[in-house]
file target.cif (mmCIF, C-alpha atoms)
data_data
loop_
_atom_site.label_atom_id
_atom_site.label_comp_id
_atom_site.auth_asym_id
_atom_site.auth_seq_id
_atom_site.Cartn_x
_atom_site.Cartn_y
_atom_site.Cartn_z
CA VAL E 228 -34.89 32.94 7.41
CA ALA E 229 -38.28 31.65 6.27
CA LEU E 230 -39.72 29.03 8.63
CA PRO E 231 -41.15 25.78 7.17
CA ALA E 232 -44.42 26.61 8.91
CA PRO E 233 -45.57 29.52 11.11
CA ASP E 234 -44.55 29.15 14.74
CA ALA E 235 -46.92 29.23 17.71
CA ALA E 236 -47.01 33.04 17.60
CA GLY E 237 -47.80 33.07 13.88
CA ASN E 238 -44.35 34.27 12.79
CA THR E 239 -43.26 33.16 9.33
CA HIS E 240 -39.63 34.34 9.47
CA ARG E 241 -36.91 34.44 12.10
CA VAL E 242 -33.98 36.85 12.43
CA SER E 243 -30.90 35.96 14.50
CA LEU E 244 -28.56 38.73 15.64
CA ALA E 245 -25.01 37.84 16.72
CA PHE E 246 -22.97 40.07 19.04
CA ASP E 247 -19.20 39.85 19.41
CA THR E 248 -18.43 40.99 22.96
CA ARG E 249 -14.65 40.69 22.66
CA CYS E 250 -13.00 43.98 23.60
CA VAL E 251 -10.49 45.54 21.21
CA ALA E 252 -7.59 47.79 22.13
CA GLU E 253 -8.42 51.45 21.54
CA GLN E 254 -4.88 52.28 20.44
CA ASP E 255 -5.28 49.87 17.52
CA GLY E 256 -7.86 52.14 15.93
CA GLY E 257 -10.49 49.40 16.11
CA GLU E 258 -12.79 51.04 18.62
CA GLN E 259 -15.46 51.71 15.99
CA LEU E 260 -15.50 48.07 14.86
CA GLY E 261 -15.74 46.48 18.29
CA LEU E 262 -16.19 47.07 21.99
CA SER E 263 -13.52 48.82 24.01
CA THR E 264 -12.83 48.09 27.66
CA ALA E 265 -14.23 51.51 28.50
CA ASP E 266 -17.49 50.65 26.69
CA ALA E 267 -17.98 47.61 28.91
CA GLN E 268 -16.98 49.35 32.13
CA ASN E 269 -19.15 52.40 31.47
CA GLY E 270 -22.25 50.49 30.36
CA VAL E 271 -22.42 52.04 26.89
CA THR E 272 -25.63 51.58 24.89
CA PHE E 273 -25.65 50.62 21.20
CA ALA E 274 -28.37 50.60 18.55
CA LEU E 275 -28.77 49.46 14.96
CA ALA E 276 -27.69 52.08 12.39
CA TRP E 277 -30.12 51.59 9.55
CA HIS E 278 -30.61 55.01 7.99
CA ASN E 279 -28.70 55.85 4.82
CA TYR E 280 -27.15 58.99 6.32
CA GLU E 281 -25.73 56.95 9.23
CA LEU E 282 -23.86 54.52 6.99
CA GLY E 283 -22.11 56.60 4.34
CA ASP E 284 -18.59 56.35 5.78
CA PHE E 285 -19.07 52.70 6.68
CA LEU E 286 -20.08 51.68 3.15
CA ASP E 287 -17.05 53.52 1.77
CA LEU E 288 -14.68 51.16 3.57
CA THR E 289 -12.96 48.90 1.05
CA TRP E 290 -13.60 45.68 2.96
CA VAL E 291 -17.29 46.48 3.50
CA ASP E 292 -17.86 47.33 -0.17
CA GLY E 293 -15.97 44.20 -1.25
CA TRP E 294 -17.97 41.99 1.13
CA LEU E 295 -21.31 43.30 -0.16
CA ARG E 296 -20.13 43.12 -3.77
CA GLU E 297 -19.04 39.48 -3.51
CA SER E 298 -22.19 38.46 -1.59
CA PHE E 299 -24.27 40.00 -4.38
CA THR E 300 -22.44 38.23 -7.21
CA ASP E 301 -22.54 34.91 -5.33
CA ARG E 302 -26.34 34.99 -5.26
CA VAL E 303 -27.21 36.45 -8.66
CA SER E 304 -28.03 33.48 -10.87
CA ASP E 305 -30.89 34.71 -13.04
CA ARG E 306 -29.10 37.56 -14.86
CA ARG E 307 -26.70 37.72 -17.75
CA GLU E 308 -23.11 38.78 -17.16
CA GLN E 309 -23.69 42.16 -18.81
CA ALA E 310 -26.62 42.90 -16.49
CA ILE E 311 -24.57 41.87 -13.45
CA ASN E 312 -21.71 44.17 -14.43
CA GLN E 313 -24.16 47.03 -14.91
CA ALA E 314 -25.62 46.39 -11.45
CA LEU E 315 -22.14 46.43 -9.91
CA ARG E 316 -21.30 49.75 -11.57
CA GLU E 317 -24.49 51.22 -10.15
CA PHE E 318 -23.77 49.89 -6.63
CA GLU E 319 -26.99 47.88 -6.61
CA TYR E 320 -25.50 45.58 -3.97
CA GLN E 321 -25.25 48.49 -1.54
CA ALA E 322 -28.87 49.39 -2.24
CA HIS E 323 -29.95 45.83 -1.34
CA TYR E 324 -27.98 46.07 1.91
CA LEU E 325 -29.65 49.38 2.80
CA ASN E 326 -33.06 47.92 1.95
CA LEU E 327 -32.43 44.99 4.32
CA LEU E 328 -31.42 47.34 7.13
CA GLU E 329 -34.47 49.50 6.45
CA LEU E 330 -36.67 46.41 6.70
CA LEU E 331 -35.13 45.44 10.05
CA GLY E 332 -35.32 48.95 11.42
CA GLU E 333 -38.91 49.58 10.34
CA GLN E 334 -40.54 46.18 10.94
CA LEU E 335 -38.74 44.87 14.05
CA ASP E 336 -38.76 46.37 17.51
CA LEU E 337 -34.99 46.27 17.94
CA SER E 338 -34.17 47.36 21.47
CA GLU E 339 -31.02 49.23 22.33
CA ILE E 340 -28.15 46.98 23.41
CA HIS E 341 -26.71 47.79 26.84
CA ILE E 342 -23.21 46.51 27.57
CA GLN E 343 -22.67 45.70 31.24
CA ALA E 344 -19.46 44.37 32.76
CA ALA E 345 -19.21 43.08 36.32
CA THR E 346 -18.61 45.93 38.80
CA LEU E 347 -18.73 46.40 42.57
CA GLN E 348 -22.22 47.84 42.17
CA THR E 349 -23.34 45.10 39.76
CA PRO E 350 -21.43 41.90 40.56
CA ALA E 351 -21.66 38.90 38.25
CA VAL E 352 -24.15 36.16 39.05
CA ASN E 353 -22.49 32.77 39.60
CA VAL E 354 -23.81 29.89 37.49
CA ASP E 355 -23.12 26.16 37.89
CA ILE E 356 -23.61 23.67 35.08
CA ILE E 357 -24.53 20.02 35.64
CA LEU E 358 -23.85 17.73 32.67
CA ASP E 359 -25.00 14.13 32.27
CA VAL E 360 -22.98 12.75 29.36
CA GLY E 361 -24.18 9.35 28.23
CA ASN E 362 -23.22 6.87 25.52
CA SER E 363 -26.30 7.76 23.49
CA HIS E 364 -27.74 10.98 24.88
CA THR E 365 -26.61 13.98 26.90
CA CYS E 366 -28.40 16.71 28.82
CA GLY E 367 -27.45 19.64 31.00
CA ILE E 368 -28.91 21.96 33.63
CA LEU E 369 -27.73 25.46 34.54
CA VAL E 370 -28.24 26.65 38.12
CA GLU E 371 -27.93 30.32 39.03
CA ASP E 372 -26.91 31.40 42.53
CA HIS E 373 -29.25 34.09 43.90
CA PRO E 374 -28.74 34.09 47.69
CA GLU E 375 -31.59 36.55 48.21
CA GLU E 376 -34.09 34.23 46.48
CA SER E 377 -35.68 31.34 48.41
CA ASN E 378 -37.15 29.32 45.51
CA GLY E 379 -34.22 27.47 43.94
CA LEU E 380 -36.41 25.76 41.33
CA LYS E 381 -36.93 29.09 39.58
CA GLN E 382 -33.18 29.56 39.29
CA THR E 383 -32.55 26.55 37.03
CA TYR E 384 -33.01 26.00 33.32
CA GLU E 385 -32.11 23.41 30.71
CA LEU E 386 -28.99 23.71 28.62
CA GLN E 387 -29.97 24.71 25.10
CA LEU E 388 -27.94 24.18 21.95
CA ARG E 389 -27.96 26.68 19.12
CA ASP E 390 -27.51 25.14 15.70
CA LEU E 391 -24.55 27.16 14.41
CA SER E 392 -25.05 26.14 10.77
CA GLN E 393 -28.75 27.10 11.08
CA PRO E 394 -28.50 29.72 13.84
CA HIS E 395 -32.23 30.44 13.90
CA GLN E 396 -32.74 26.94 15.36
CA VAL E 397 -32.38 26.37 19.11
CA TYR E 398 -32.91 23.03 20.89
CA ASN E 399 -33.40 22.59 24.63
CA GLU E 400 -34.20 18.90 24.80
CA LEU E 401 -32.21 15.75 25.54
CA PHE E 402 -29.71 15.58 22.66
CA ASP E 403 -27.61 12.95 20.90
CA SER E 404 -24.06 12.48 22.15
CA ARG E 405 -22.91 12.49 18.51
CA LEU E 406 -19.88 14.73 17.88
CA GLU E 407 -18.74 16.16 14.54
CA PHE E 408 -15.83 18.43 13.67
CA ALA E 409 -17.21 21.51 11.92
CA GLU E 410 -15.92 25.02 11.30
CA THR E 411 -18.12 27.89 12.42
CA ARG E 412 -18.20 30.75 9.91
CA PHE E 413 -19.76 34.16 10.40
CA GLY E 414 -19.55 35.49 6.88
CA LYS E 415 -16.45 35.90 4.72
CA ALA E 416 -13.29 35.56 6.80
CA ASN E 417 -11.03 37.26 4.24
CA PHE E 418 -12.99 40.52 4.35
CA SER E 419 -13.27 40.34 8.12
CA LEU E 420 -9.47 40.06 8.27
CA GLU E 421 -9.13 43.18 6.10
CA SER E 422 -11.08 45.11 8.70
CA GLY E 423 -8.16 44.69 11.09
CA ARG E 424 -10.03 42.40 13.48
CA GLU E 425 -8.45 39.00 12.91
CA GLN E 426 -10.36 37.37 15.77
CA ALA E 427 -13.78 38.89 15.18
CA PHE E 428 -16.71 36.51 15.79
CA MET E 429 -14.45 33.60 16.68
CA TRP E 430 -16.30 30.57 18.07
CA PRO E 431 -13.91 28.79 20.48
CA SER E 432 -15.01 25.21 19.73
CA LEU E 433 -14.19 23.01 16.73
CA THR E 434 -17.06 20.54 17.16
CA ARG E 435 -20.84 20.33 17.07
CA VAL E 436 -22.98 18.01 19.17
CA GLY E 437 -26.58 16.89 19.24
CA ARG E 438 -29.03 17.35 16.39
CA GLU E 439 -26.67 19.51 14.31
CA ALA E 440 -23.89 16.91 14.53
CA SER E 441 -26.26 14.13 13.47
CA ARG E 442 -27.44 16.14 10.48
CA LEU E 443 -23.88 16.96 9.40
CA ALA E 444 -22.89 13.28 9.65
CA LEU E 445 -25.73 12.32 7.28
CA GLN E 446 -24.77 15.04 4.80
CA ARG E 447 -21.09 14.14 4.57
CA VAL E 448 -19.72 13.15 1.14
CA GLY E 449 -15.96 13.19 1.89
CA LEU E 450 -14.10 9.91 2.18
CA GLU E 451 -10.70 10.76 3.70
CA GLY E 452 -10.21 10.48 7.44
CA SER E 453 -13.06 10.82 9.93
CA THR E 454 -15.19 13.77 10.96
CA GLY E 455 -16.75 12.55 14.19
CA LEU E 456 -17.84 9.88 16.65
CA SER E 457 -21.16 8.45 17.75
CA SER E 458 -20.20 9.28 21.35
CA PRO E 459 -16.82 10.30 22.86
CA ARG E 460 -17.79 8.68 26.16
CA ARG E 461 -17.67 5.23 24.55
CA TYR E 462 -13.98 5.70 23.73
CA LEU E 463 -12.55 7.05 26.97
CA TRP E 464 -10.39 3.94 27.08
CA ASP E 465 -8.69 4.68 23.74
CA GLU E 466 -5.72 7.01 24.27
CA ALA E 467 -3.85 5.91 21.14
CA ARG E 468 -3.07 8.22 18.23
CA TYR E 469 -5.96 8.05 15.74
CA GLN E 470 -4.17 7.16 12.52
CA PRO E 471 -6.91 8.02 9.95
CA GLY E 472 -6.87 11.61 11.20
CA TRP E 473 -9.71 14.07 11.66
CA ARG E 474 -11.27 16.46 9.15
CA PHE E 475 -13.89 19.17 9.28
CA ASN E 476 -17.28 18.00 8.09
CA THR E 477 -18.00 20.10 5.00
CA PRO E 478 -21.33 19.02 3.48
CA GLY E 479 -21.28 18.80 -0.30
CA GLU E 480 -17.49 18.82 -0.64
CA GLN E 481 -15.22 15.85 -1.26
CA ALA E 482 -12.05 17.70 -0.17
CA GLU E 483 -12.48 18.40 3.53
CA PRO E 484 -9.92 20.51 5.46
CA LEU E 485 -7.96 19.08 8.36
CA ALA E 486 -9.65 19.58 11.72
CA TYR E 487 -7.49 22.18 13.39
CA ALA E 488 -7.89 25.93 13.86
CA ALA E 489 -6.76 28.63 16.26
CA PRO E 490 -7.08 29.31 19.08
CA PHE E 491 -8.18 25.92 20.43
CA THR E 492 -5.56 23.75 18.73
CA THR E 493 -2.72 26.01 19.86
CA LEU E 494 -3.35 24.53 23.32
CA LEU E 495 -3.10 20.84 22.27
CA ASN E 496 -0.68 18.55 20.49
CA ASP E 497 -1.40 16.19 17.60
CA GLU E 498 -2.81 13.53 19.95
CA GLY E 499 -5.14 15.98 21.72
CA GLN E 500 -3.09 16.22 24.91
CA PRO E 501 -3.12 19.64 26.63
CA LEU E 502 0.27 21.30 26.23
CA SER E 503 0.12 22.43 29.86
CA THR E 504 0.51 18.79 30.96
CA LEU E 505 3.66 18.21 28.89
CA ALA E 506 7.31 19.04 29.46
CA PRO E 507 8.29 22.45 27.99
CA ASP E 508 10.37 20.86 25.20
CA ASP E 509 7.40 18.72 24.11
CA ARG E 510 4.85 21.53 23.87
CA LEU E 511 4.19 21.58 20.14
CA PRO E 512 0.74 22.66 18.89
CA VAL E 513 -1.30 20.70 16.35
CA PHE E 514 0.30 20.18 12.94
CA SER E 515 -1.56 17.01 11.95
CA PRO E 516 -4.86 16.24 13.75
CA HIS E 517 -4.61 12.65 14.99
CA TYR E 518 -6.34 13.26 18.32
CA SER E 519 -6.97 10.13 20.36
CA ARG E 520 -10.61 9.15 20.55
CA SER E 521 -10.61 9.64 24.33
CA SER E 522 -9.46 13.25 23.88
CA LEU E 523 -12.62 14.00 21.91
CA MET E 524 -14.44 14.19 25.24
CA THR E 525 -12.45 17.41 25.82
CA PHE E 526 -13.65 18.75 22.46
CA MET E 527 -17.25 17.87 23.36
CA LEU E 528 -17.07 19.58 26.75
CA CYS E 529 -15.56 22.67 25.15
CA GLU E 530 -18.53 22.94 22.80
CA LEU E 531 -21.05 22.44 25.62
CA LEU E 532 -19.36 25.07 27.79
CA ALA E 533 -19.29 27.55 24.91
CA GLN E 534 -23.00 26.97 24.34
CA ALA E 535 -23.70 27.39 28.06
CA LEU E 536 -21.76 30.67 28.28
CA MET E 537 -23.64 32.03 25.27
CA GLN E 538 -27.01 30.97 26.69
CA MET E 539 -26.64 32.22 30.24
CA ASN E 540 -25.48 35.67 29.12
CA SER E 541 -28.03 36.01 26.33
CA ALA E 542 -30.63 38.75 26.72
CA ALA E 543 -33.47 36.27 26.19
CA GLN E 544 -32.34 34.04 29.08
CA ARG E 545 -31.42 36.79 31.54
CA GLN E 546 -34.78 38.50 31.11
CA ARG E 547 -36.42 35.38 32.58
CA MET E 548 -34.19 35.42 35.66
CA PRO E 549 -33.69 37.67 38.73
CA GLN E 550 -31.04 40.39 38.37
CA SER E 551 -31.46 40.39 34.60
CA HIS E 552 -29.15 43.40 34.27
CA ALA E 553 -26.16 41.56 35.79
CA PRO E 554 -23.66 39.53 33.75
CA ARG E 555 -23.26 35.81 34.40
CA GLN E 556 -20.06 33.87 35.07
CA LEU E 557 -19.51 30.11 35.16
CA ARG E 558 -18.45 28.90 38.58
CA HIS E 559 -18.62 25.09 38.73
CA VAL E 560 -18.83 22.28 36.18
CA ILE E 561 -20.39 19.10 37.60
CA LEU E 562 -20.20 15.88 35.56
#

call {"tool": "encode", "arguments": {"input": "target.cif", "output": "C-alpha cells"}}
result
Amino acid sequence: VALPAPDAAGNTHRVSLAFDTRCVAEQDGGEQLGLSTADAQNGVTFALAWHNYELGDFLDLTWVDGWLRESFTDRVSDRREQAINQALREFEYQAHYLNLLELLGEQLDLSEIHIQAATLQTPAVNVDIILDVGNSHTCGILVEDHPEESNGLKQTYELQLRDLSQPHQVYNELFDSRLEFAETRFGKANFSLESGREQAFMWPSLTRVGREASRLALQRVGLEGSTGLSSPRRYLWDEARYQPGWRFNTPGEQAEPLAYAAPFTTLLNDEGQPLSTLAPDDRLPVFSPHYSRSSLMTFMLCELLAQALMQMNSAAQRQRMPQSHAPRQLRHVIL
C-alpha cells in the first residue's frame, strides 16, 4: 500500500502479512494449506515460496486459479473486452501474481517464520490486560509476567488497534469508544471455501472500535437499522431488545447485511444473551440480530481481546520483550 507521505524511516509503501495459526487436521488432507498440530509442537519453520518452480502445483489448483482470475478481471478497467479475454487465455493474471511474489522476495528481507507452541521447555508467558473503558474514550495496557526480571516498567506496553479495513494502519493511542458492526474479509470467501478450509482467516469479532469505527460511521450510506453506538458503556442500563436491529456497516452500499456471523453469534441469542446462561430449551442462536444495547459491551470487549491476543503474540511485539521466542497467553482481564 502506498503511504500518503514517507514515514520517519523514508519508506513510501507498507506491506502487511497475515498468518493464520489455526491448526488443521492432517487426516483432512489440509496439511499443506495450514498448520498441523505437529508443526506447532515441533517448531517447524516456514518461508515465502516466491520462485516460479516452487509454485507450479499450487497455481494449478482450481480455486487458486479462479481467485487470481477474478481478482484480475475486477481490477482491469482500461482495456477492451477482447483484450481482457486474450489476457485471460494467456494466463496474464498468473504472471502478475508471480511478479508480485518476485518483488516481495527480492526487495524485502522476509525472515523465516518459526512456529512455536507452549512446551515444558518453552512455557507460555502470562499476560494481563488492563482496560479503562470510558463513555468517550478507551485505553488499555498489557502487562507481561517475567518473574526473573526486576524492572516491571519494561514489561508493559499500550494496547494497539490494527485497522482491519486498512491493515497497514496501527494505532496505539487513546481511542474513541465508538463501536461499529463490520465484517472482516481476507480476500474472496467463496474461493477460500473451495480450498477445503471453511474457517481460514476467521476474525472472531463482529465489531470495530476506535478510529476505524469512527471512519466507518462517517462513510455509511445505508438507512435500515443501526450499525453501531457512540459508546456501549453509556447504555449498560438498557437490556431491552433493540427493535430497529443491527446491520454490518458496508460503506458505499445501501443494502447492508444483518449483523450476525459464525462463530460468535452461535454463542448468543437474538438479544445478545450468552446461551450458556439460559435454560437448555431456550438456547437458540441468533436468527435476527436485535441485541440489547447493553450487550454491545460484550461485543466491544471481544474485539479488544482479539486485538490484544494478536498484538502480544506478534513477532514485532515479542522481539521487544524478554523471552521473545516464547508464546504468550492471556491470564487476567482487569476492567

call {"tool": "resolve_selection", "arguments": {"input": "target.cif", "expression": "the PyMOL selection byres ((chain E and resi 537-543) around 10)", "output": "PyMOL selection string"}}
result
chain E and resi 246+340-341+352+354+369-371+384-389+531-536+544-548+551-557

call {"tool": "atom_distance", "arguments": {"input": "target.cif", "atom1": "CA of His323 (chain E)", "atom2": "CA of Trp294 (chain E)"}}
result
12.8 Å

call {"tool": "residues_around", "arguments": {"input": "target.cif", "residues": "Glu439 (chain E)", "least_positions_apart": "6", "cutoff": "12 Å", "atoms": "only C-alpha atoms", "output": "MDAnalysis selection string"}}
result
chainID E and resid 388:394 396:398 402:409 445:446 476

call {"tool": "write_last_selection", "arguments": {"input": "target.cif", "atoms": "C-alpha atoms", "output": "JSON list (two decimals), in the frame of the given file"}}
result
[["chain", "number", "residue", "atom", "x", "y", "z"],
["E", 388, "LEU", "CA", -27.94, 24.18, 21.95],
["E", 389, "ARG", "CA", -27.96, 26.68, 19.12],
["E", 390, "ASP", "CA", -27.51, 25.14, 15.70],
["E", 391, "LEU", "CA", -24.55, 27.16, 14.41],
["E", 392, "SER", "CA", -25.05, 26.14, 10.77],
["E", 393, "GLN", "CA", -28.75, 27.10, 11.08],
["E", 394, "PRO", "CA", -28.50, 29.72, 13.84],
["E", 396, "GLN", "CA", -32.74, 26.94, 15.36],
["E", 397, "VAL", "CA", -32.38, 26.37, 19.11],
["E", 398, "TYR", "CA", -32.91, 23.03, 20.89],
["E", 402, "PHE", "CA", -29.71, 15.58, 22.66],
["E", 403, "ASP", "CA", -27.61, 12.95, 20.90],
["E", 404, "SER", "CA", -24.06, 12.48, 22.15],
["E", 405, "ARG", "CA", -22.91, 12.49, 18.51],
["E", 406, "LEU", "CA", -19.88, 14.73, 17.88],
["E", 407, "GLU", "CA", -18.74, 16.16, 14.54],
["E", 408, "PHE", "CA", -15.83, 18.43, 13.67],
["E", 409, "ALA", "CA", -17.21, 21.51, 11.92],
["E", 445, "LEU", "CA", -25.73, 12.32, 7.28],
["E", 446, "GLN", "CA", -24.77, 15.04, 4.80],
["E", 476, "ASN", "CA", -17.28, 18.00, 8.09]]

call {"tool": "residues_near_point", "arguments": {"input": "target.cif", "point": "(-15.5, 45.7, 36.8)", "cutoff": "12 Å", "atoms": "all atoms listed in the file", "output": "JSON, numbers by chain"}}
result
{"E": [264, 265, 266, 267, 268, 269, 270, 343, 344, 345, 346, 347, 348, 349, 350, 351, 553, 554]}

call {"tool": "residues_around", "arguments": {"input": "target.cif", "residues": "region 416-431 of chain E", "least_positions_apart": "6", "cutoff": "10 Å", "atoms": "all atoms listed in the file", "output": "PyMOL selection string"}}
result
chain E and resi 245-251+255-257+260-261+288-295+297+391+410+488-492+529-530+532-534

call {"tool": "resolve_selection", "arguments": {"input": "target.cif", "expression": "the PyMOL selection byres ((chain E and resi 322) around 12)", "output": "mmCIF file with C-alpha atoms, in the coordinates of the input"}}
result
data_model
loop_
_atom_site.group_PDB
_atom_site.id
_atom_site.type_symbol
_atom_site.label_atom_id
_atom_site.label_comp_id
_atom_site.auth_asym_id
_atom_site.auth_seq_id
_atom_site.Cartn_x
_atom_site.Cartn_y
_atom_site.Cartn_z
ATOM 1 C CA HIS E 278 -30.610 55.010 7.990
ATOM 2 C CA ASN E 279 -28.700 55.850 4.820
ATOM 3 C CA LEU E 282 -23.860 54.520 6.990
ATOM 4 C CA GLY E 283 -22.110 56.600 4.340
ATOM 5 C CA LEU E 286 -20.080 51.680 3.150
ATOM 6 C CA ASP E 292 -17.860 47.330 -0.170
ATOM 7 C CA LEU E 295 -21.310 43.300 -0.160
ATOM 8 C CA ARG E 296 -20.130 43.120 -3.770
ATOM 9 C CA PHE E 299 -24.270 40.000 -4.380
ATOM 10 C CA ALA E 314 -25.620 46.390 -11.450
ATOM 11 C CA LEU E 315 -22.140 46.430 -9.910
ATOM 12 C CA GLU E 317 -24.490 51.220 -10.150
ATOM 13 C CA PHE E 318 -23.770 49.890 -6.630
ATOM 14 C CA GLU E 319 -26.990 47.880 -6.610
ATOM 15 C CA TYR E 320 -25.500 45.580 -3.970
ATOM 16 C CA GLN E 321 -25.250 48.490 -1.540
ATOM 17 C CA HIS E 323 -29.950 45.830 -1.340
ATOM 18 C CA TYR E 324 -27.980 46.070 1.910
ATOM 19 C CA LEU E 325 -29.650 49.380 2.800
ATOM 20 C CA ASN E 326 -33.060 47.920 1.950
ATOM 21 C CA LEU E 327 -32.430 44.990 4.320
ATOM 22 C CA LEU E 328 -31.420 47.340 7.130
ATOM 23 C CA GLU E 329 -34.470 49.500 6.450
#

call {"tool": "atom_distance", "arguments": {"input": "target.cif", "atom1": "CA of Tyr518 (chain E)", "atom2": "CA of Gly414 (chain E)"}}
result
28.3 Å

call {"tool": "atom_distance", "arguments": {"input": "target.cif", "atom1": "CA of Gln313 (chain E)", "atom2": "CA of Lys415 (chain E)"}}
result
23.8 Å

call {"tool": "resolve_selection", "arguments": {"input": "target.cif", "expression": "the PyMOL selection byres ((chain E and resi 503-516) around 10)", "output": "mmCIF file with C-alpha atoms, in the coordinates of the input"}}
result
data_model
loop_
_atom_site.group_PDB
_atom_site.id
_atom_site.type_symbol
_atom_site.label_atom_id
_atom_site.label_comp_id
_atom_site.auth_asym_id
_atom_site.auth_seq_id
_atom_site.Cartn_x
_atom_site.Cartn_y
_atom_site.Cartn_z
ATOM 1 C CA ARG E 468 -3.070 8.220 18.230
ATOM 2 C CA TYR E 469 -5.960 8.050 15.740
ATOM 3 C CA GLN E 470 -4.170 7.160 12.520
ATOM 4 C CA PRO E 471 -6.910 8.020 9.950
ATOM 5 C CA GLY E 472 -6.870 11.610 11.200
ATOM 6 C CA TRP E 473 -9.710 14.070 11.660
ATOM 7 C CA ARG E 474 -11.270 16.460 9.150
ATOM 8 C CA LEU E 485 -7.960 19.080 8.360
ATOM 9 C CA ALA E 486 -9.650 19.580 11.720
ATOM 10 C CA TYR E 487 -7.490 22.180 13.390
ATOM 11 C CA ALA E 488 -7.890 25.930 13.860
ATOM 12 C CA ALA E 489 -6.760 28.630 16.260
ATOM 13 C CA PHE E 491 -8.180 25.920 20.430
ATOM 14 C CA THR E 492 -5.560 23.750 18.730
ATOM 15 C CA THR E 493 -2.720 26.010 19.860
ATOM 16 C CA LEU E 494 -3.350 24.530 23.320
ATOM 17 C CA LEU E 495 -3.100 20.840 22.270
ATOM 18 C CA ASN E 496 -0.680 18.550 20.490
ATOM 19 C CA ASP E 497 -1.400 16.190 17.600
ATOM 20 C CA GLU E 498 -2.810 13.530 19.950
ATOM 21 C CA GLY E 499 -5.140 15.980 21.720
ATOM 22 C CA GLN E 500 -3.090 16.220 24.910
ATOM 23 C CA PRO E 501 -3.120 19.640 26.630
ATOM 24 C CA LEU E 502 0.270 21.300 26.230
ATOM 25 C CA HIS E 517 -4.610 12.650 14.990
ATOM 26 C CA TYR E 518 -6.340 13.260 18.320
ATOM 27 C CA SER E 519 -6.970 10.130 20.360
#

call {"tool": "closest_residue", "arguments": {"input": "target.cif", "among": "E:Ala276, E:Thr383, E:Ile357, E:Ser521", "to": "Trp464 (chain E)", "atoms": "all atoms listed in the file"}}
result
E:Ser521

call {"tool": "axis_aligned_box", "arguments": {"input": "target.cif", "around": "region 338-344 of chain E", "padding_each_side": "3 Å", "output": "AutoDock Vina command-line options"}}
result
--center_x -26.8 --center_y 46.8 --center_z 27.1 --size_x 20.7 --size_y 10.9 --size_z 17.3

call {"tool": "closest_residue", "arguments": {"input": "target.cif", "among": "E:Leu523, E:Leu433, E:Ala482, E:Leu562", "to": "Asp359 (chain E)", "atoms": "all atoms listed in the file"}}
result
E:Leu562

call {"tool": "closest_residue", "arguments": {"input": "target.cif", "among": "E:Arg412, E:His559, E:His395, E:Arg460", "to": "His240 (chain E)", "atoms": "all atoms listed in the file"}}
result
E:His395

call {"tool": "residues_around", "arguments": {"input": "target.cif", "residues": "Ala274 (chain E)", "least_positions_apart": "3", "cutoff": "8 Å", "atoms": "only C-alpha atoms", "output": "ChimeraX atom specification"}}
result
/E:337-340

call {"tool": "closest_residue", "arguments": {"input": "target.cif", "among": "E:Ile342, E:Thr454, E:Pro231, E:Asn399", "to": "Leu262 (chain E)", "atoms": "all atoms listed in the file"}}
result
E:Ile342

call {"tool": "closest_residue", "arguments": {"input": "target.cif", "among": "E:Gly452, E:Glu466, E:Ser458, E:Pro233", "to": "Glu483 (chain E)", "atoms": "all atoms listed in the file"}}
result
E:Gly452
